[in-house]
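I have placed the structure first, in the form of structure tokens, so that the comments after it can refer back to it.
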Amino acid sequence: MLDVLKVRIYPNKEQELSLAKSFGCSRFVWNFYLNKTNTQYQDTGKRMTYCQMAKDLTQLKKLTDYEWLLFPTAAVLQQSLKNLETAFKNFFSKRTGFPKFKSKHSKQSIRFPESCSIKSGSLKLPKLGLVKASLSKSVNGKIKSVTVSKTSTDKYFAAILFETDKLATTKQGKISGIDLGLNSLVTVFDGETCYKVDPIKPTRKYAKRLRIRHKALSRKVKGSKNRRKAIKVVAKVNEKISNTRQDFLHKLSRKLVDDNQVIVAENLCVKGLARTKLAKSIHDAGFGMLLNFISYKLDREGGKFVQVDRFFPSTKLCSCCGHKNDLLNLSIREWICLNCQATHDRDENASRNLRAEGIRILLTLSEAEGLTNTAGHAEIQACGETVRLVSTCTKKRQCGLGVSPSIATAVRVSEKQESPATLR
């Protein structure tokens, strides 16, 4: 099992200069072969593979004008070519956009795929020696690779990928449905109680400070030293906003994972929501980041993360009788069911429906596995009223293809506690 530990490192002046050269060489190799691949594709209709780029790089180093490419280790430059090939594969698989050229004014990073170790509380890297590091926990397994990055505020970090023998244990806890929103970031229902967590809105909190820094930056002459200083000041405010958001989401996801064995959430289209007039609030909330944190933390601890299809009408369905209210719009926060006269809070009702739908998905998959006793079943979509074609990306994001015995038992216990109308 692989694990990652991200730590802050403190290189000295010589090591900073060495890292700057390695960053520059790695960035040049990326940009050079990205341009060469694009040119070759326009001429012949075929792009360069990793083997072709690696052979060409070996010959390029022998030229007098490119002798400076010999400064970093060969593995660092080869890793840059591997990253470029991976970027092209992700583009052709429609997982991301077309690879872009790298700039020296943005975040810099290189990866050391070998010859890395930890000695005396410091990180030993090729051609750098011992680099002072702030290790939050011990790394007992074999180190596979180390990715060193430099932020726009001149801070250095190292992401250590290592092997560990710690296997995921069978997690015990509740089954909760969470509904994401802007007024309340998450509304959690665990079968008994329901509570809400308000968003912290870090972008709006530091908006005034950011506006003042941007005004000061706009007065500086382009290309001057004062402008470079002002850019760093603006970058520090943006870093403060990002760190505040990540810290809050990490703490929230940790609380949810510690309290629950199964978490059910809606598979939101964050990119689509970010194109609306609420784009600033959507980005500030960090929906995608929160779901990502919950997913990997549950996976580490043997829990289960289930994502219900985005077209499931969780808000419009009555959690008591199952009646659908088609007249509901975004401005209505509380509504009364026309069928059973039950009063519903919009977010709380959605979290109840999501939990019930998640239990239904887990039970269906558990029964299907019991009948066939084989892995790799076709996915069961939790659609609302119609059957839709599901893209490859949606299939990869949806969870629940395998249910452990402990989770299946917990689902059956929860099913007995629920009323038949709730699971309808």
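Residues are named by chain letter and number: chains run A, B, ... in the order of the structure tokens, numbers start at 1 in each chain, and ligands are numbered from 1 in the order shown.
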Could you go through range 32-208 of chain A and tell me which residues DSSP, when run on the backbone, assigns to strand (DSSP E), listing them as a CSV table (one decimal) with N, CA and C atoms, in the first residue's frame?
```csv
chain,number,residue,atom,x,y,z
A,108,GLN,N,6.6,25.9,-9.3
A,108,GLN,CA,7.6,25.0,-9.9
A,108,GLN,C,7.7,23.7,-9.2
A,109,SER,N,7.9,22.6,-9.9
A,109,SER,CA,8.0,21.3,-9.3
A,109,SER,C,8.9,20.3,-10.1
A,110,ILE,N,9.6,19.5,-9.4
A,110,ILE,CA,10.4,18.4,-10.0
A,110,ILE,C,10.2,17.1,-9.2
A,111,ARG,N,10.4,16.0,-9.8
A,111,ARG,CA,10.2,14.7,-9.1
A,111,ARG,C,11.5,13.9,-9.2
A,112,PHE,N,12.0,13.4,-8.0
A,112,PHE,CA,13.1,12.6,-7.9
A,112,PHE,C,12.6,11.1,-7.8
A,117,SER,N,16.2,9.3,0.5
A,117,SER,CA,16.1,8.7,1.8
A,117,SER,C,16.0,9.8,2.9
A,118,ILE,N,15.7,9.3,4.1
A,118,ILE,CA,15.6,10.2,5.3
A,118,ILE,C,16.7,9.8,6.3
A,119,LYS,N,17.5,10.8,6.7
A,119,LYS,CA,18.6,10.6,7.6
A,119,LYS,C,18.6,11.7,8.6
A,122,SER,N,16.4,14.7,8.4
A,122,SER,CA,16.5,15.5,7.2
A,122,SER,C,16.2,14.6,5.9
A,123,LEU,N,15.9,15.2,4.8
A,123,LEU,CA,15.6,14.6,3.6
A,123,LEU,C,16.8,14.6,2.7
A,124,LYS,N,17.3,13.4,2.3
A,124,LYS,CA,18.5,13.3,1.4
A,124,LYS,C,18.0,13.2,0.0
A,125,LEU,N,18.4,14.1,-0.9
A,125,LEU,CA,18.0,14.2,-2.3
A,125,LEU,C,19.2,14.1,-3.2
A,129,GLY,N,22.1,16.7,-1.4
A,129,GLY,CA,22.5,16.3,0.0
A,129,GLY,C,21.4,16.3,1.0
A,130,LEU,N,21.7,16.6,2.2
A,130,LEU,CA,20.7,16.6,3.3
A,130,LEU,C,20.0,17.9,3.3
A,131,VAL,N,18.7,17.9,3.2
A,131,VAL,CA,17.9,19.1,3.2
A,131,VAL,C,17.0,19.1,4.5
A,132,LYS,N,17.1,20.2,5.2
A,132,LYS,CA,16.3,20.3,6.5
A,132,LYS,C,14.8,20.2,6.2
A,133,ALA,N,14.1,19.3,6.9
A,133,ALA,CA,12.7,19.1,6.7
A,133,ALA,C,12.0,19.0,8.0
A,134,SER,N,10.7,19.4,8.0
A,134,SER,CA,9.8,19.4,9.1
A,134,SER,C,8.9,18.2,9.0
A,143,ILE,N,10.9,4.5,0.3
A,143,ILE,CA,10.6,5.7,-0.4
A,143,ILE,C,10.6,5.4,-1.9
A,144,LYS,N,9.5,5.6,-2.6
A,144,LYS,CA,9.4,5.4,-4.0
A,144,LYS,C,9.8,6.6,-4.8
A,145,SER,N,9.4,7.8,-4.4
A,145,SER,CA,9.7,9.0,-5.1
A,145,SER,C,9.5,10.2,-4.2
A,146,VAL,N,10.1,11.4,-4.5
A,146,VAL,CA,9.9,12.6,-3.8
A,146,VAL,C,9.7,13.7,-4.8
A,147,THR,N,8.6,14.5,-4.7
A,147,THR,CA,8.3,15.6,-5.5
A,147,THR,C,8.5,16.9,-4.8
A,148,VAL,N,9.5,17.7,-5.2
A,148,VAL,CA,9.8,18.9,-4.6
A,148,VAL,C,9.1,20.1,-5.4
A,149,SER,N,8.5,20.9,-4.6
A,149,SER,CA,7.7,22.0,-5.3
A,149,SER,C,8.1,23.4,-4.6
A,150,LYS,N,8.0,24.4,-5.4
A,150,LYS,CA,8.2,25.8,-4.8
A,150,LYS,C,7.0,26.6,-5.2
A,156,TYR,N,9.2,26.0,0.1
A,156,TYR,CA,9.5,24.7,-0.6
A,156,TYR,C,8.8,23.6,0.2
A,157,PHE,N,8.2,22.7,-0.6
A,157,PHE,CA,7.6,21.5,0.0
A,157,PHE,C,8.1,20.3,-0.7
A,158,ALA,N,8.0,19.1,0.0
A,158,ALA,CA,8.4,17.8,-0.5
A,158,ALA,C,7.2,16.8,-0.3
A,159,ALA,N,6.7,16.2,-1.3
A,159,ALA,CA,5.7,15.1,-1.2
A,159,ALA,C,6.4,13.8,-1.3
A,160,ILE,N,6.4,13.1,-0.2
A,160,ILE,CA,7.2,11.8,-0.1
A,160,ILE,C,6.2,10.6,-0.4
A,161,LEU,N,6.4,9.9,-1.4
A,161,LEU,CA,5.6,8.7,-1.7
A,161,LEU,C,6.4,7.5,-1.2
A,162,PHE,N,5.7,6.7,-0.3
A,162,PHE,CA,6.4,5.6,0.3
A,162,PHE,C,5.5,4.4,0.5
A,163,GLU,N,6.1,3.2,0.6
A,163,GLU,CA,5.3,2.0,0.9
A,163,GLU,C,5.1,1.9,2.4
A,174,LYS,N,-21.7,4.9,11.6
A,174,LYS,CA,-23.0,5.2,11.1
A,174,LYS,C,-23.0,5.3,9.6
A,175,ILE,N,-24.3,5.4,9.0
A,175,ILE,CA,-24.5,5.7,7.6
A,175,ILE,C,-25.1,7.0,7.5
A,176,SER,N,-24.5,8.0,6.9
A,176,SER,CA,-25.0,9.3,6.8
A,176,SER,C,-25.1,9.8,5.4
A,177,GLY,N,-26.1,10.6,5.2
A,177,GLY,CA,-26.3,11.3,3.9
A,177,GLY,C,-26.0,12.8,4.1
A,178,ILE,N,-25.2,13.3,3.1
A,178,ILE,CA,-24.8,14.7,3.3
A,178,ILE,C,-25.3,15.5,2.0
A,179,ASP,N,-25.9,16.6,2.2
A,179,ASP,CA,-26.3,17.5,1.1
A,179,ASP,C,-25.4,18.8,1.1
A,180,LEU,N,-24.9,19.1,0.0
A,180,LEU,CA,-24.0,20.3,-0.1
A,180,LEU,C,-24.8,21.5,-0.6
A,186,VAL,N,-22.7,21.8,4.4
A,186,VAL,CA,-23.1,20.4,4.5
A,186,VAL,C,-24.3,20.3,5.5
A,187,THR,N,-25.3,19.5,5.1
A,187,THR,CA,-26.3,19.1,6.0
A,187,THR,C,-26.3,17.6,6.1
A,188,VAL,N,-26.0,17.2,7.4
A,188,VAL,CA,-25.7,15.7,7.6
A,188,VAL,C,-26.9,15.1,8.4
A,189,PHE,N,-27.4,14.0,7.8
A,189,PHE,CA,-28.4,13.2,8.5
A,189,PHE,C,-27.9,11.7,8.7
A,194,CYS,N,-29.9,15.4,12.7
A,194,CYS,CA,-29.6,16.2,11.5
A,194,CYS,C,-28.9,17.5,12.0
A,195,TYR,N,-27.8,17.8,11.4
A,195,TYR,CA,-27.1,19.1,11.8
A,195,TYR,C,-26.5,19.7,10.5
A,196,LYS,N,-26.2,21.0,10.6
A,196,LYS,CA,-25.7,21.7,9.5
A,196,LYS,C,-24.4,22.4,9.9
A,197,VAL,N,-23.5,22.5,8.9
A,197,VAL,CA,-22.2,23.2,9.1
A,197,VAL,C,-22.2,24.4,8.1
```
Legend entry - In range 11-184 of chain A, DSSP helix (DSSP H, G or I) residues written as a VMD selection string: chain A and resid 13 to 44 50 to 61 64 to 70 74 to 92
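Residue nearest Pro99 in chain A, chosen from A:Thr37, A:Thr151, A:Asn238, A:Asn226 and counting only C-alpha atoms: A:Thr37.
With only C-alpha atoms as the atoms that count, the minimum distance from Gly302 in chain A to the choices A:Lys324, A:Asn349, A:Gln172, A:Leu362 is reached by A:Gln172.
The shortest atom-to-atom distance to Ser26 in chain A, with only C-alpha atoms taken into account, belongs to A:Pro72 out of A:Pro72, A:Pro202, A:Gly173, A:Gly272.
Coordinates place CA of Phe88 in chain A at a distance of 22.2 Å from CA of Leu60 in chain A.
Residue neighbourhood of His283 in chain A, excluding near-sequence residues (fewer than 2 positions): A:Lys201, A:Thr203, A:Val270, A:Lys271, A:Leu273, A:Ala274, A:Leu278, A:Ala279, A:Lys280, A:Ser281, A:Ala285, A:Gly286, A:Phe287, A:Gly288, A:Met289, at 10 Å, using only C-alpha atoms.
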Next, write the just-selected residues to a file, as a PDB file, in the first residue's frame, keeping C-alpha atoms as the atom set.
```pdb
ATOM      1  CA  LYS A 201     -16.201  31.926   2.910  1.00  0.00           C
ATOM      2  CA  THR A 203     -12.530  34.639  -0.333  1.00  0.00           C
ATOM      3  CA  VAL A 270     -18.841  21.346 -10.168  1.00  0.00           C
ATOM      4  CA  LYS A 271     -17.584  22.575 -13.560  1.00  0.00           C
ATOM      5  CA  LEU A 273     -22.019  25.026 -11.450  1.00  0.00           C
ATOM      6  CA  ALA A 274     -18.895  27.171 -11.818  1.00  0.00           C
ATOM      7  CA  LEU A 278     -22.861  31.773  -8.425  1.00  0.00           C
ATOM      8  CA  ALA A 279     -19.382  30.824  -9.665  1.00  0.00           C
ATOM      9  CA  LYS A 280     -17.519  32.834  -7.002  1.00  0.00           C
ATOM     10  CA  SER A 281     -19.449  31.212  -4.164  1.00  0.00           C
ATOM     11  CA  ALA A 285     -17.055  26.617  -0.965  1.00  0.00           C
ATOM     12  CA  GLY A 286     -14.746  23.949  -2.451  1.00  0.00           C
ATOM     13  CA  PHE A 287     -17.337  21.210  -3.099  1.00  0.00           C
ATOM     14  CA  GLY A 288     -14.996  19.085  -5.208  1.00  0.00           C
ATOM     15  CA  MET A 289     -12.181  19.352  -2.691  1.00  0.00           C
TER      16      MET A 289
END
```
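When CA of Ala356 in chain A is paired with CA of Val264 in chain A, their separation reads 9.0 Å.
Coordinates place CA of Val234 in chain A at a distance of 26.3 Å from CA of Lys251 in chain A.
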